[in-house]
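Colleague: Structure below; questions to follow.
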Amino acid sequence: MADECVAALDSGGYKQLKMRIGKEPQEDAARVAAVRAAVGEEVDLMVDVNEAWDFDQAQATLPLLDKYGLVWLEEPGKLDRPADDFTAPDRLCGEIAKITEIPIASGENHISLAECKSLIEHGRIRYMQFDAVKNGGLTEYIKVAGHSLANAIMLAPHHVPHFHAHIAAAMPHGFIVETFDNAKQHPAWPDLFDGFPEVRNGEMVLRDAPGWGMEINNDFVDRCGVKVAWRK
């Protein structure tokens with residue numbers, strides 16, 4: 001995994017890297033140690049727990065991670081929302097935040113302003129990862145962004161960077177945007193969109209064309225897609 005991280009950094013000239021943890025405490029610590037040793041101290045390193053911890057797991061693991069200079073700890077607690085306790089997962093996030101100096105990032109699976117307000121109020125997060133493409137669209141994102149700004153929360157939108165980078169660039173509290181190796185995880189994106197933004201030296205370069213700066217490549221859709229008449 002450490003070798004893959006180094007290759008990913010080199011591919012786009014990146015200076016920031018996110019890796020997954022969420023197993024047993026010693027294994028998580030060993031994974032972070034291996035990646036930190038491979039990428040060096042100059043790279044900003046984030047870890048994503050993917051909702052894997054309860055409080056006891058967090059308490060056992062976090063002391064082992066403190067020395068690695070992590071930029072954030074993402075989605076550390078389970079996000080199940082009991083019908084009778086809407087705020088339960090956000091309060092778990094907040095309890096975990098109290099026992100670590102590592103800033104907390106979350107919000108990609110929060111689907112509305114109401115859920116994001118609960119996350120900010122109870123979760124003690126520093127970075128909001130609301131996903132406009134998966135949850136609520138641009139209108140809801142603007143509401144979430146406004147509430148985040150009022151509470152000194154930075155924006156770090158989840159995934160789909162060719163849309164989210166525009167949003168983050170337009171906001172005074174935009175911090176960072178997540179991107180993946182498209183050829184591996186999303187092979188259609190660069191072909192589907194004419195004008196898909198490039199990554200140069202770790203930064204996504206946005207075009208000054210109208211709107212999102214991209215057009216749908218209809219030739220690609222004709223070859224590879226299925227058109228659905230959703231509105232008459």
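We name chains A, B, ... following the order of the structure tokens; residues begin at 1 in each chain, and ligands are numbered from 1 as shown.
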Extract, using only C-alpha atoms, all DNA, RNA and protein residues at most 12 Å from Lys18 of chain A, discarding same-chain residues fewer than 2 positions from it, and format them as a ChimeraX atom specification.
Modeller: /A:1-2,4-6,8-9,14-16,20-21,32,35-36,39,43-50,70-74,105,158,176-180
Colleague: Determine which residues of segment 14-77 of chain A receive a DSSP assignment of strand (DSSP E or B), computed from the backbone, and state them as a PyMOL selection string.
Modeller: chain A and resi 16-20+44-48+53+73-74+77
Colleague: In Å, how far is it from atom CA of Gln129 of chain A to atom CA of Ala38 of chain A?
Modeller: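 Separation between atom CA of Gln129 of chain A and atom CA of Ala38 of chain A: 26.9 Å.
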Colleague: Please measure the separation of atom CA of Trp230 of chain A and atom CA of Ile216 of chain A, giving the value in Å to one decimal.
Modeller: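 For atom CA of Trp230 of chain A relative to atom CA of Ile216 of chain A, the distance reads 17.0 Å.
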Colleague: Select from segment 101-144 of chain A everything DSSP, run on the backbone, classes as helix (DSSP H, G or I), then give the selection as a PyMOL selection string.
Modeller: chain A and resi 113-123+137-144
Colleague: Quick one: residues within 10 Å of Met171 of chain A, only C-alpha atoms, excluding same-chain residues fewer than 3 positions away - as an MDAnalysis selection string?
Modeller: chainID A and resid 142 145:146 149 154:155 166:168 174:175
Colleague: Please indicate the distance in Å from atom CA of Leu64 of chain A to atom CA of Ala29 of chain A, rounded to one decimal place.
Modeller: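 The value is 5.9 Å.
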Colleague: List the spatial neighbours of Cys93 of chain A as a PDB file with N, CA and C atoms, in the first residue's frame - criterion: any atom at most 8 Å away, only C-alpha atoms, same-chain residues fewer than 4 positions off excluded.
Modeller:
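New file out.pdb:
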ATOM      1  N   GLU A  75     -14.641  10.402   9.260  1.00  0.00           N
ATOM      2  CA  GLU A  75     -15.741   9.505   9.600  1.00  0.00           C
ATOM      3  C   GLU A  75     -15.301   8.419  10.588  1.00  0.00           C
ATOM      4  N   PRO A  76     -14.885   8.843  11.786  1.00  0.00           N
ATOM      5  CA  PRO A  76     -14.355   7.841  12.719  1.00  0.00           C
ATOM      6  C   PRO A  76     -15.397   6.922  13.314  1.00  0.00           C
ATOM      7  N   GLY A  77     -16.658   7.397  13.475  1.00  0.00           N
ATOM      8  CA  GLY A  77     -17.666   6.602  14.162  1.00  0.00           C
ATOM      9  C   GLY A  77     -18.757   6.087  13.251  1.00  0.00           C
ATOM     10  N   PRO A  89     -25.253   9.352  15.878  1.00  0.00           N
ATOM     11  CA  PRO A  89     -23.929   9.218  15.243  1.00  0.00           C
ATOM     12  C   PRO A  89     -23.101  10.491  15.332  1.00  0.00           C
ATOM     13  N   ALA A  97     -14.001  13.052  19.010  1.00  0.00           N
ATOM     14  CA  ALA A  97     -13.217  14.277  18.817  1.00  0.00           C
ATOM     15  C   ALA A  97     -12.636  14.784  20.123  1.00  0.00           C
ATOM     16  N   HIS A 122     -23.003  18.760  17.112  1.00  0.00           N
ATOM     17  CA  HIS A 122     -22.637  17.684  18.034  1.00  0.00           C
ATOM     18  C   HIS A 122     -21.306  17.013  17.701  1.00  0.00           C
ATOM     19  N   GLY A 123     -20.887  17.081  16.431  1.00  0.00           N
ATOM     20  CA  GLY A 123     -19.768  16.249  15.989  1.00  0.00           C
ATOM     21  C   GLY A 123     -18.395  16.839  16.170  1.00  0.00           C
ATOM     22  N   ARG A 124     -18.309  18.144  16.497  1.00  0.00           N
ATOM     23  CA  ARG A 124     -17.015  18.792  16.726  1.00  0.00           C
ATOM     24  C   ARG A 124     -16.076  18.630  15.521  1.00  0.00           C
TER      25      ARG A 124
END
Colleague: Select, from A:His162, A:Arg81, A:Arg207, A:Arg231, the residue with the minimum atom-to-atom distance to Val133 of chain A, counting only C-alpha atoms.
Modeller: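 Nearest to Val133 of chain A: A:His162.
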Colleague: If you count only C-alpha atoms, which residues fall within 8 Å of Glu108 of chain A, apart from same-chain ones fewer than 3 positions away, as a PyMOL selection string?
Modeller: chain A and resi 111+128-131+157-158
Colleague: Could those residues be written to a file, using all heavy atoms, as an mmCIF file, in the first residue's frame?
Modeller:
data_model
loop_
_atom_site.group_PDB
_atom_site.id
_atom_site.type_symbol
_atom_site.label_atom_id
_atom_site.label_comp_id
_atom_site.auth_asym_id
_atom_site.auth_seq_id
_atom_site.Cartn_x
_atom_site.Cartn_y
_atom_site.Cartn_z
ATOM 1 N N ILE A 111 -27.193 13.829 4.334
ATOM 2 C CA ILE A 111 -27.913 14.057 3.092
ATOM 3 C C ILE A 111 -28.672 15.371 3.031
ATOM 4 O O ILE A 111 -29.259 15.687 2.006
ATOM 5 C CB ILE A 111 -28.885 12.891 2.795
ATOM 6 C CG1 ILE A 111 -29.984 12.822 3.859
ATOM 7 C CG2 ILE A 111 -28.130 11.578 2.718
ATOM 8 C CD1 ILE A 111 -31.067 11.805 3.542
ATOM 9 N N MET A 128 -16.055 19.960 6.624
ATOM 10 C CA MET A 128 -17.351 19.475 6.142
ATOM 11 C C MET A 128 -17.182 18.859 4.762
ATOM 12 O O MET A 128 -16.718 19.506 3.826
ATOM 13 C CB MET A 128 -18.351 20.636 6.079
ATOM 14 C CG MET A 128 -19.672 20.300 5.388
ATOM 15 S SD MET A 128 -20.605 18.957 6.157
ATOM 16 C CE MET A 128 -21.148 19.773 7.668
ATOM 17 N N GLN A 129 -17.603 17.591 4.622
ATOM 18 C CA GLN A 129 -17.403 16.855 3.377
ATOM 19 C C GLN A 129 -18.701 16.613 2.604
ATOM 20 O O GLN A 129 -18.784 15.677 1.806
ATOM 21 C CB GLN A 129 -16.740 15.510 3.697
ATOM 22 C CG GLN A 129 -15.345 15.642 4.289
ATOM 23 C CD GLN A 129 -14.736 14.294 4.562
ATOM 24 O OE1 GLN A 129 -15.199 13.548 5.412
ATOM 25 N NE2 GLN A 129 -13.696 13.964 3.817
ATOM 26 N N PHE A 130 -19.679 17.452 2.795
ATOM 27 C CA PHE A 130 -20.961 17.278 2.107
ATOM 28 C C PHE A 130 -20.748 17.072 0.610
ATOM 29 O O PHE A 130 -19.934 17.748 -0.019
ATOM 30 C CB PHE A 130 -21.848 18.496 2.347
ATOM 31 C CG PHE A 130 -23.246 18.341 1.835
ATOM 32 C CD1 PHE A 130 -24.157 17.531 2.497
ATOM 33 C CD2 PHE A 130 -23.658 18.992 0.681
ATOM 34 C CE1 PHE A 130 -25.452 17.385 2.026
ATOM 35 C CE2 PHE A 130 -24.947 18.858 0.202
ATOM 36 C CZ PHE A 130 -25.846 18.049 0.879
ATOM 37 N N ASP A 131 -21.500 16.125 0.043
ATOM 38 C CA ASP A 131 -21.372 15.731 -1.361
ATOM 39 C C ASP A 131 -22.597 16.234 -2.120
ATOM 40 O O ASP A 131 -23.699 15.684 -1.991
ATOM 41 C CB ASP A 131 -21.264 14.209 -1.447
ATOM 42 C CG ASP A 131 -20.976 13.700 -2.844
ATOM 43 O OD1 ASP A 131 -21.464 14.324 -3.815
ATOM 44 O OD2 ASP A 131 -20.290 12.673 -2.979
ATOM 45 N N PRO A 157 -15.265 19.042 0.073
ATOM 46 C CA PRO A 157 -16.310 18.213 -0.534
ATOM 47 C C PRO A 157 -15.795 16.859 -0.997
ATOM 48 O O PRO A 157 -14.669 16.729 -1.471
ATOM 49 C CB PRO A 157 -16.815 19.061 -1.704
ATOM 50 C CG PRO A 157 -15.762 20.081 -1.949
ATOM 51 C CD PRO A 157 -15.098 20.322 -0.641
ATOM 52 N N HIS A 158 -16.681 15.881 -0.879
ATOM 53 C CA HIS A 158 -16.350 14.487 -1.151
ATOM 54 C C HIS A 158 -16.436 14.161 -2.639
ATOM 55 O O HIS A 158 -17.486 14.328 -3.247
ATOM 56 C CB HIS A 158 -17.314 13.600 -0.356
ATOM 57 C CG HIS A 158 -17.289 12.156 -0.744
ATOM 58 N ND1 HIS A 158 -18.298 11.565 -1.495
ATOM 59 C CD2 HIS A 158 -16.391 11.186 -0.494
ATOM 60 C CE1 HIS A 158 -18.018 10.284 -1.670
ATOM 61 N NE2 HIS A 158 -16.862 10.022 -1.080
#
Colleague: Point out the residue among A:Tyr68, A:Phe55, A:Trp212, A:Trp189 with the least atom-to-atom distance to Arg91 of chain A, counting only C-alpha atoms.
Modeller: A:Phe55
Colleague: Need the shell around segment 217-221 of chain A: protein/DNA/RNA residues with any atom at most 8 Å away, counting only C-alpha atoms. Skip same-chain ones fewer than 5 positions apart. Format as a list in words?
Modeller: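 That gives Asp191, Leu192, Phe193, Asp194, Val226 and Lys227 of chain A.
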Colleague: Using the selection just defined, write its residues with N, CA and C atoms as a JSON list (two decimals), in the first residue's frame.
Modeller:
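Okay, selection-v4.json is ready:
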[["chain", "number", "residue", "atom", "x", "y", "z"],
["A", 191, "ASP", "N", -13.56, 10.83, -20.70],
["A", 191, "ASP", "CA", -14.15, 10.70, -22.03],
["A", 191, "ASP", "C", -15.58, 11.22, -22.08],
["A", 192, "LEU", "N", -16.28, 11.14, -20.97],
["A", 192, "LEU", "CA", -17.67, 11.59, -20.94],
["A", 192, "LEU", "C", -17.77, 13.11, -21.00],
["A", 193, "PHE", "N", -16.81, 13.80, -20.41],
["A", 193, "PHE", "CA", -16.84, 15.26, -20.35],
["A", 193, "PHE", "C", -15.74, 15.87, -21.20],
["A", 194, "ASP", "N", -16.10, 16.61, -22.24],
["A", 194, "ASP", "CA", -15.12, 17.41, -22.96],
["A", 194, "ASP", "C", -14.75, 18.61, -22.09],
["A", 226, "VAL", "N", -26.53, 4.48, -22.52],
["A", 226, "VAL", "CA", -27.93, 4.26, -22.84],
["A", 226, "VAL", "C", -28.68, 5.53, -22.50],
["A", 227, "LYS", "N", -29.34, 6.14, -23.48],
["A", 227, "LYS", "CA", -30.07, 7.36, -23.25],
["A", 227, "LYS", "C", -31.47, 7.04, -22.75]]
Colleague: Choose the residue, out of A:Ala60, A:Ala83, A:Ile96, A:Val144, that has the smallest atom-to-atom separation from Gln26 of chain A; count only C-alpha atoms.
Modeller: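 The shortest atom-to-atom distance to Gln26 of chain A comes from A:Ala60.
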Colleague: So, with only C-alpha atoms as the atoms that count, which of A:Leu65, A:Ile153, A:Glu215, A:Glu51 lies closest to Arg31 of chain A?
Modeller: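 Answer, going by the shortest atom-to-atom distance: A:Leu65.
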Colleague: Using only C-alpha atoms, which of the listed residues (A:Asp3, A:Ala156, A:Phe86, A:Tyr141) sits closest to Ser106 of chain A?
Modeller: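 Ranked by minimum distance to Ser106 of chain A, first place goes to A:Ala156.
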Colleague: Smallest atom-to-atom distance to Pro25 of chain A: which of A:Thr61, A:Ser112, A:Ser118, A:Asn201, using only C-alpha atoms?
Modeller: A:Thr61
